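Below is entry25.pdb, holding PDB, C-alpha atoms.
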ATOM      1  CA  ILE G   1       0.000   0.000   0.000
ATOM      2  CA  PHE G   2       2.776   2.389   0.882
ATOM      3  CA  SER G   3       5.347   1.355  -1.736
ATOM      4  CA  GLU G   4       7.634   3.824  -3.444
ATOM      5  CA  GLU G   5       5.884   3.088  -6.754
ATOM      6  CA  VAL G   6       2.531   4.071  -5.260
ATOM      7  CA  SER G   7       3.844   7.333  -3.795
ATOM      8  CA  THR G   8       5.489   8.136  -7.149
ATOM      9  CA  ALA G   9       2.182   7.525  -8.961
ATOM     10  CA  LEU G  10       0.311   9.666  -6.413
ATOM     11  CA  SER G  11       2.822  12.495  -6.885
ATOM     12  CA  CYS G  12       2.501  12.291 -10.669
ATOM     13  CA  VAL G  13      -1.268  12.694 -10.373
ATOM     14  CA  SER G  14      -1.464  15.317  -7.610
ATOM     15  CA  GLY G  15       1.806  17.205  -7.993
ATOM     16  CA  ALA G  16       2.351  16.850  -4.231
ATOM     17  CA  GLU G  17       5.285  14.959  -2.728
ATOM     18  CA  ARG G  18       3.577  13.738   0.464
ATOM     19  CA  HIS G  19       0.201  12.035   0.910
ATOM     20  CA  VAL G  20      -2.002  10.714   3.699
ATOM     21  CA  SER G  21      -3.735   7.327   3.466
ATOM     22  CA  TRP G  22      -7.313   7.697   4.661
ATOM     23  CA  GLN G  23      -9.519   4.685   4.085
ATOM     24  CA  ASP G  24      -8.476   1.154   3.143
ATOM     25  CA  MET G  25     -10.686  -1.775   2.153
ATOM     26  CA  PHE G  26      -9.833  -5.397   1.374
ATOM     27  CA  PHE G  27     -12.014  -7.437  -1.000
ATOM     28  CA  ASP G  28     -11.918 -11.215  -1.186
ATOM     29  CA  GLN G  29     -14.983 -11.623  -3.377
ATOM     30  CA  SER G  30     -17.149  -9.007  -5.042
ATOM     31  CA  THR G  31     -20.614  -8.446  -3.645
ATOM     32  CA  GLY G  32     -21.135  -5.534  -6.019
ATOM     33  CA  THR G  33     -20.971  -1.829  -5.255
ATOM     34  CA  ILE G  34     -23.407   0.801  -6.484
ATOM     35  CA  GLU G  35     -22.161   3.386  -8.938
ATOM     36  CA  HIS G  36     -20.960   6.426  -6.985
ATOM     37  CA  GLN G  37     -18.490   9.278  -6.652
ATOM     38  CA  ASP G  38     -16.110   8.956  -3.709
ATOM     39  CA  SER G  39     -16.425  12.669  -3.001
ATOM     40  CA  TRP G  40     -19.877  12.229  -1.437
ATOM     41  CA  TYR G  41     -18.289   9.961   1.204
ATOM     42  CA  LEU G  42     -14.768  11.343   1.567
ATOM     43  CA  ASP G  43     -12.653  13.953  -0.171
ATOM     44  CA  THR G  44     -10.618  17.056   0.527
ATOM     45  CA  ASP G  45     -11.816  20.554   1.344
ATOM     46  CA  PRO G  46     -12.021  22.053  -1.221
ATOM     47  CA  ALA G  47     -13.284  18.964  -3.037
ATOM     48  CA  GLY G  48     -11.354  17.188  -5.771
ATOM     49  CA  GLY G  49      -8.019  16.362  -4.127
ATOM     50  CA  LEU G  50      -8.682  12.761  -3.086
ATOM     51  CA  ILE G  51      -7.050   9.973  -5.116
ATOM     52  CA  GLY G  52      -8.451   6.450  -5.071
ATOM     53  CA  VAL G  53      -6.083   3.543  -5.694
ATOM     54  CA  TRP G  54      -7.286   0.016  -6.472
ATOM     55  CA  TYR G  55      -4.678  -2.747  -6.159
ATOM     56  CA  ALA G  56      -5.238  -6.063  -7.950
ATOM     57  CA  LEU G  57      -3.832  -8.803  -5.714
ATOM     58  CA  GLU G  58      -4.585 -11.467  -8.323
ATOM     59  CA  ASP G  59      -5.558 -11.537 -11.994
ATOM     60  CA  ILE G  60      -9.106 -10.195 -12.072
ATOM     61  CA  HIS G  61     -11.465 -12.434 -14.040
ATOM     62  CA  PRO G  62     -14.447 -10.861 -15.882
ATOM     63  CA  ASP G  63     -16.861 -13.149 -13.968
ATOM     64  CA  SER G  64     -15.418 -12.231 -10.551
ATOM     65  CA  GLY G  65     -17.410  -8.988 -10.249
ATOM     66  CA  PRO G  66     -14.687  -6.597 -11.354
ATOM     67  CA  PHE G  67     -14.335  -2.953 -10.409
ATOM     68  CA  PHE G  68     -15.908  -0.731 -13.076
ATOM     69  CA  VAL G  69     -15.561   2.893 -14.127
ATOM     70  CA  ILE G  70     -17.656   5.270 -16.220
ATOM     71  CA  PRO G  71     -14.952   6.818 -18.453
ATOM     72  CA  GLY G  72     -15.109  10.619 -18.538
ATOM     73  CA  SER G  73     -17.653  10.875 -15.718
ATOM     74  CA  HIS G  74     -15.212  12.898 -13.596
ATOM     75  CA  LYS G  75     -15.992  15.781 -15.996
ATOM     76  CA  TRP G  76     -19.675  15.793 -14.923
ATOM     77  CA  GLY G  77     -18.706  17.734 -11.819
ATOM     78  CA  LEU G  78     -19.258  17.204  -8.135
ATOM     79  CA  PHE G  79     -22.486  15.698  -6.793
ATOM     80  CA  ASP G  80     -22.000  17.293  -3.408
ATOM     81  CA  ARG G  81     -23.504  16.082  -0.166
ATOM     82  CA  SER G  82     -24.801  19.603   0.502
ATOM     83  CA  ASP G  83     -26.915  19.333  -2.690
ATOM     84  CA  TYR G  84     -27.876  15.681  -2.092
ATOM     85  CA  PRO G  85     -27.873  15.199   1.697
ATOM     86  CA  LYS G  86     -29.905  11.977   1.529
ATOM     87  CA  HIS G  87     -27.980   8.979   0.227
ATOM     88  CA  ASP G  88     -30.939   7.803  -1.884
ATOM     89  CA  ASP G  89     -31.054  11.211  -3.635
ATOM     90  CA  PHE G  90     -27.318  11.022  -4.328
ATOM     91  CA  VAL G  91     -27.654   7.507  -5.788
ATOM     92  CA  GLU G  92     -30.569   8.655  -7.956
ATOM     93  CA  LYS G  93     -28.538  11.662  -9.211
ATOM     94  CA  VAL G  94     -25.650   9.386 -10.224
ATOM     95  CA  ARG G  95     -27.979   6.972 -12.040
ATOM     96  CA  THR G  96     -29.782   9.839 -13.798
ATOM     97  CA  GLU G  97     -26.451  11.246 -15.026
ATOM     98  CA  ILE G  98     -25.426   7.821 -16.341
ATOM     99  CA  GLU G  99     -28.687   7.614 -18.294
ATOM    100  CA  THR G 100     -28.440  11.235 -19.488
ATOM    101  CA  HIS G 101     -24.928  10.716 -20.821
ATOM    102  CA  ALA G 102     -25.826   7.283 -22.257
ATOM    103  CA  THR G 103     -22.642   5.815 -20.851
ATOM    104  CA  THR G 104     -21.683   2.269 -20.036
ATOM    105  CA  LYS G 105     -19.790   0.728 -17.166
ATOM    106  CA  LYS G 106     -16.293  -0.341 -18.207
ATOM    107  CA  PRO G 107     -14.935  -3.341 -16.261
ATOM    108  CA  THR G 108     -11.306  -3.144 -15.154
ATOM    109  CA  CYS G 109      -9.835  -6.639 -15.330
ATOM    110  CA  LEU G 110      -6.367  -5.854 -14.055
ATOM    111  CA  ASP G 111      -3.479  -8.286 -13.711
ATOM    112  CA  ALA G 112      -2.001  -9.128 -10.319
ATOM    113  CA  GLY G 113       0.199  -6.257  -9.190
ATOM    114  CA  ASP G 114      -1.522  -3.601 -11.326
ATOM    115  CA  ILE G 115      -3.030  -0.498  -9.756
ATOM    116  CA  LEU G 116      -5.725   1.876 -10.951
ATOM    117  CA  LEU G 117      -5.863   5.507  -9.780
ATOM    118  CA  TRP G 118      -8.993   7.650 -10.055
ATOM    119  CA  HIS G 119     -10.381  11.105  -9.335
ATOM    120  CA  PRO G 120     -13.006  11.487  -6.563
ATOM    121  CA  TYR G 121     -15.634  12.645  -9.102
ATOM    122  CA  LEU G 122     -15.196   9.544 -11.301
ATOM    123  CA  VAL G 123     -18.323   7.411 -11.154
ATOM    124  CA  HIS G 124     -17.319   3.840 -10.370
ATOM    125  CA  GLY G 125     -18.384   0.729  -8.477
ATOM    126  CA  ALA G 126     -18.175  -3.047  -8.798
ATOM    127  CA  PHE G 127     -20.206  -5.648 -10.640
ATOM    128  CA  ASN G 128     -21.742  -8.564  -8.763
ATOM    129  CA  CYS G 129     -19.789 -11.805  -8.928
ATOM    130  CA  ARG G 130     -21.184 -14.037 -11.698
ATOM    131  CA  ASP G 131     -19.135 -17.132 -10.830
ATOM    132  CA  LEU G 132     -18.307 -17.866  -7.191
ATOM    133  CA  SER G 133     -15.344 -19.989  -8.236
ATOM    134  CA  HIS G 134     -13.584 -16.680  -8.984
ATOM    135  CA  SER G 135     -12.420 -14.513  -6.124
ATOM    136  CA  ARG G 136     -11.541 -10.844  -6.563
ATOM    137  CA  LYS G 137      -8.703 -10.364  -4.123
ATOM    138  CA  SER G 138      -7.990  -6.659  -4.209
ATOM    139  CA  PHE G 139      -7.375  -3.710  -1.997
ATOM    140  CA  THR G 140      -8.538  -0.102  -2.191
ATOM    141  CA  SER G 141      -6.970   2.864  -0.481
ATOM    142  CA  HIS G 142      -7.793   6.556  -0.623
ATOM    143  CA  PHE G 143      -5.110   9.219  -0.348
ATOM    144  CA  TYR G 144      -5.001  12.991  -0.174
ATOM    145  CA  PRO G 145      -2.031  15.354  -0.521
ATOM    146  CA  SER G 146      -0.747  16.217   2.950
ATOM    147  CA  ASN G 147      -1.049  19.941   2.232
ATOM    148  CA  LEU G 148      -4.850  19.604   1.861
ATOM    149  CA  LYS G 149      -7.485  19.177   4.551
ATOM    150  CA  PRO G 150      -9.920  16.262   4.497
ATOM    151  CA  LYS G 151     -13.601  17.108   4.067
ATOM    152  CA  ASP G 152     -15.398  16.638   7.355
ATOM    153  CA  THR G 153     -18.096  14.064   6.646
ATOM    154  CA  GLU G 154     -18.075  12.617  10.172
ATOM    155  CA  THR G 155     -19.522  15.562  12.092
ATOM    156  CA  ASP G 156     -22.311  13.470  13.629
ATOM    157  CA  LYS G 157     -20.081  10.635  14.816
ATOM    158  CA  LEU G 158     -19.266  10.217  18.465
ATOM    159  CA  LEU G 159     -15.837   8.798  17.677
ATOM    160  CA  SER G 160     -13.813   8.512  14.492
ATOM    161  CA  ILE G 161     -11.219   5.868  13.714
ATOM    162  CA  TYR G 162      -9.327   8.550  11.769
ATOM    163  CA  ASP G 163      -6.931  11.167  13.083
ATOM    164  CA  HIS G 164      -6.230  13.752  10.401
ATOM    165  CA  LYS G 165      -4.577  16.228  12.765
ATOM    166  CA  THR G 166      -1.632  13.969  13.562
ATOM    167  CA  PRO G 167      -1.200  11.350  10.807
ATOM    168  CA  LYS G 168       1.232   8.567  11.664
ATOM    169  CA  PRO G 169       4.334   7.788   9.586
ATOM    170  CA  THR G 170       4.521   4.623   7.521
ATOM    171  CA  SER G 171       7.439   2.721   6.022
ATOM    172  CA  ASN G 172       7.385   5.263   3.173
ATOM    173  CA  PRO G 173       8.551   8.768   4.206
ATOM    174  CA  ASN G 174       6.158  10.276   1.628
ATOM    175  CA  ILE G 175       3.002   8.556   2.940
ATOM    176  CA  ASP G 176       1.421   8.964   6.363
ATOM    177  CA  VAL G 177      -1.727   7.241   7.606
ATOM    178  CA  ALA G 178      -4.736   8.905   9.259
ATOM    179  CA  LYS G 179      -5.811   5.855  11.280
ATOM    180  CA  ARG G 180      -5.656   5.950  15.043
ATOM    181  CA  PHE G 181      -3.240   3.456  16.593
ATOM    182  CA  PRO G 182      -4.410   1.641  18.587
ATOM    183  CA  ASP G 183      -8.113   2.002  17.938
ATOM    184  CA  PRO G 184      -9.491   3.563  21.154
ATOM    185  CA  ILE G 185     -12.626   1.406  21.268
TER     186      ILE G 185
END
Spell out the structure here as structure tokens.
Amino acid sequence: IFSEEVSTALSCVSGAERHVSWQDMFFDQSTGTIEHQDSWYLDTDPAGGLIGVWYALEDIHPDSGPFFVIPGSHKWGLFDRSDYPKHDDFVEKVRTEIETHATTKKPTCLDAGDILLWHPYLVHGAFNCRDLSHSRKSFTSHFYPSNLKPKDTETDKLLSIYDHKTPKPTSNPNIDVAKRFPDPI
């Protein structure tokens, strides 16, 4: 997650030298993910600085429920939580835009070791697994340049597992992590 190659790719995309890892997710098998923009859930303030990275831990088979993208959808602009405070309204906005632009979901069947980077406005998700004999071992992480502030989407939470004020160093001097260690719960 914190390899030199990843930090180099992040720097090429953002222009920043240092980044903070925010949210990580491991996938063993795809259960499908609705089409969405990451920015509604997490991003920077101002919006648009987050970078998603998907890591293929094995060759991704087309029947495994691959990650998909809607090419060019990042140009549709931000579907901001302030405009769509209810999740159902946000989901409906994304689906309406897909229909309006007559676009299709493009599966990303990466090879083991490949990564995919995307903008927080890019509409993406994951297909459902069509053949349970195929796993989809992969990892997703979200990063933001350390000179930017994360968007506060957790204002109503009693406790957050993230600490953006004092990110912790990792094995890579150009990537810190916003997780609390140890988790206080």
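Candidate residues G:Ala56, G:Val94, G:Ile51, G:Leu42 were compared for distance to Ser11 of chain G, and the nearest is G:Ile51, using all atoms listed in the file.
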*Evaluate the PyMOL selection byres ((chain G and resi 142) around 7) and record the selected residues as JSON, numbers by chain, following the chain and residue labels used in the document.*
{"G": [21, 22, 23, 24, 50, 51, 52, 53, 140, 141, 143]}
Residue IDs satisfying the PyMOL selection byres ((chain G and resi 105) around 6), as a compact mmCIF listing (two decimals) with C-alpha atoms, in the coordinates of the input:
# COMPACT_ATOMS: atom_id res chain seq x y z
CA PHE G 68 -15.91 -0.73 -13.08
CA VAL G 69 -15.56 2.89 -14.13
CA ILE G 70 -17.66 5.27 -16.22
CA THR G 104 -21.68 2.27 -20.04
CA LYS G 106 -16.29 -0.34 -18.21
*At what distance in Å, to one decimal, does atom CA of Gly15 of chain G lie from atom CA of Thr44 of chain G?*
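Atom CA of Thr44 of chain G sits 15.1 Å away from atom CA of Gly15 of chain G.
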*asked:* Given the PyMOL selection byres ((chain G and resi 108) around 10) and the file above, list the residues it selects as an MDAnalysis selection string.
replied: chainID G and resid 56 60:62 65:69 105:107 109:111 116 126
May I have the centre and edge lengths, in Å to one decimal, of an axis-aligned box around the listed atoms of segment 85-103 of chain G with 5 Å added to every side, as lines of an AutoDock Vina configuration file?
center_x = -26.8
center_y = 10.5
center_z = -10.3
size_x = 18.4
size_y = 19.4
size_z = 34.0
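Note that atom CA of Asp38 of chain G and atom CA of Ile115 of chain G are 17.2 Å apart.
Between atom CA of Ile175 of chain G and atom CA of Asp80 of chain G the separation is 27.2 Å.
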*Using all atoms listed in the file, find the one residue out of G:Ile1, G:Ile34, G:Ala102, G:Ala9 that sits nearest to Phe127 of chain G.*
G:Ile34
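With distances restricted to all atoms listed in the file, G:Gly32 is the closest residue to Arg130 of chain G from G:Pro167, G:Pro150, G:Gly32, G:Pro85.
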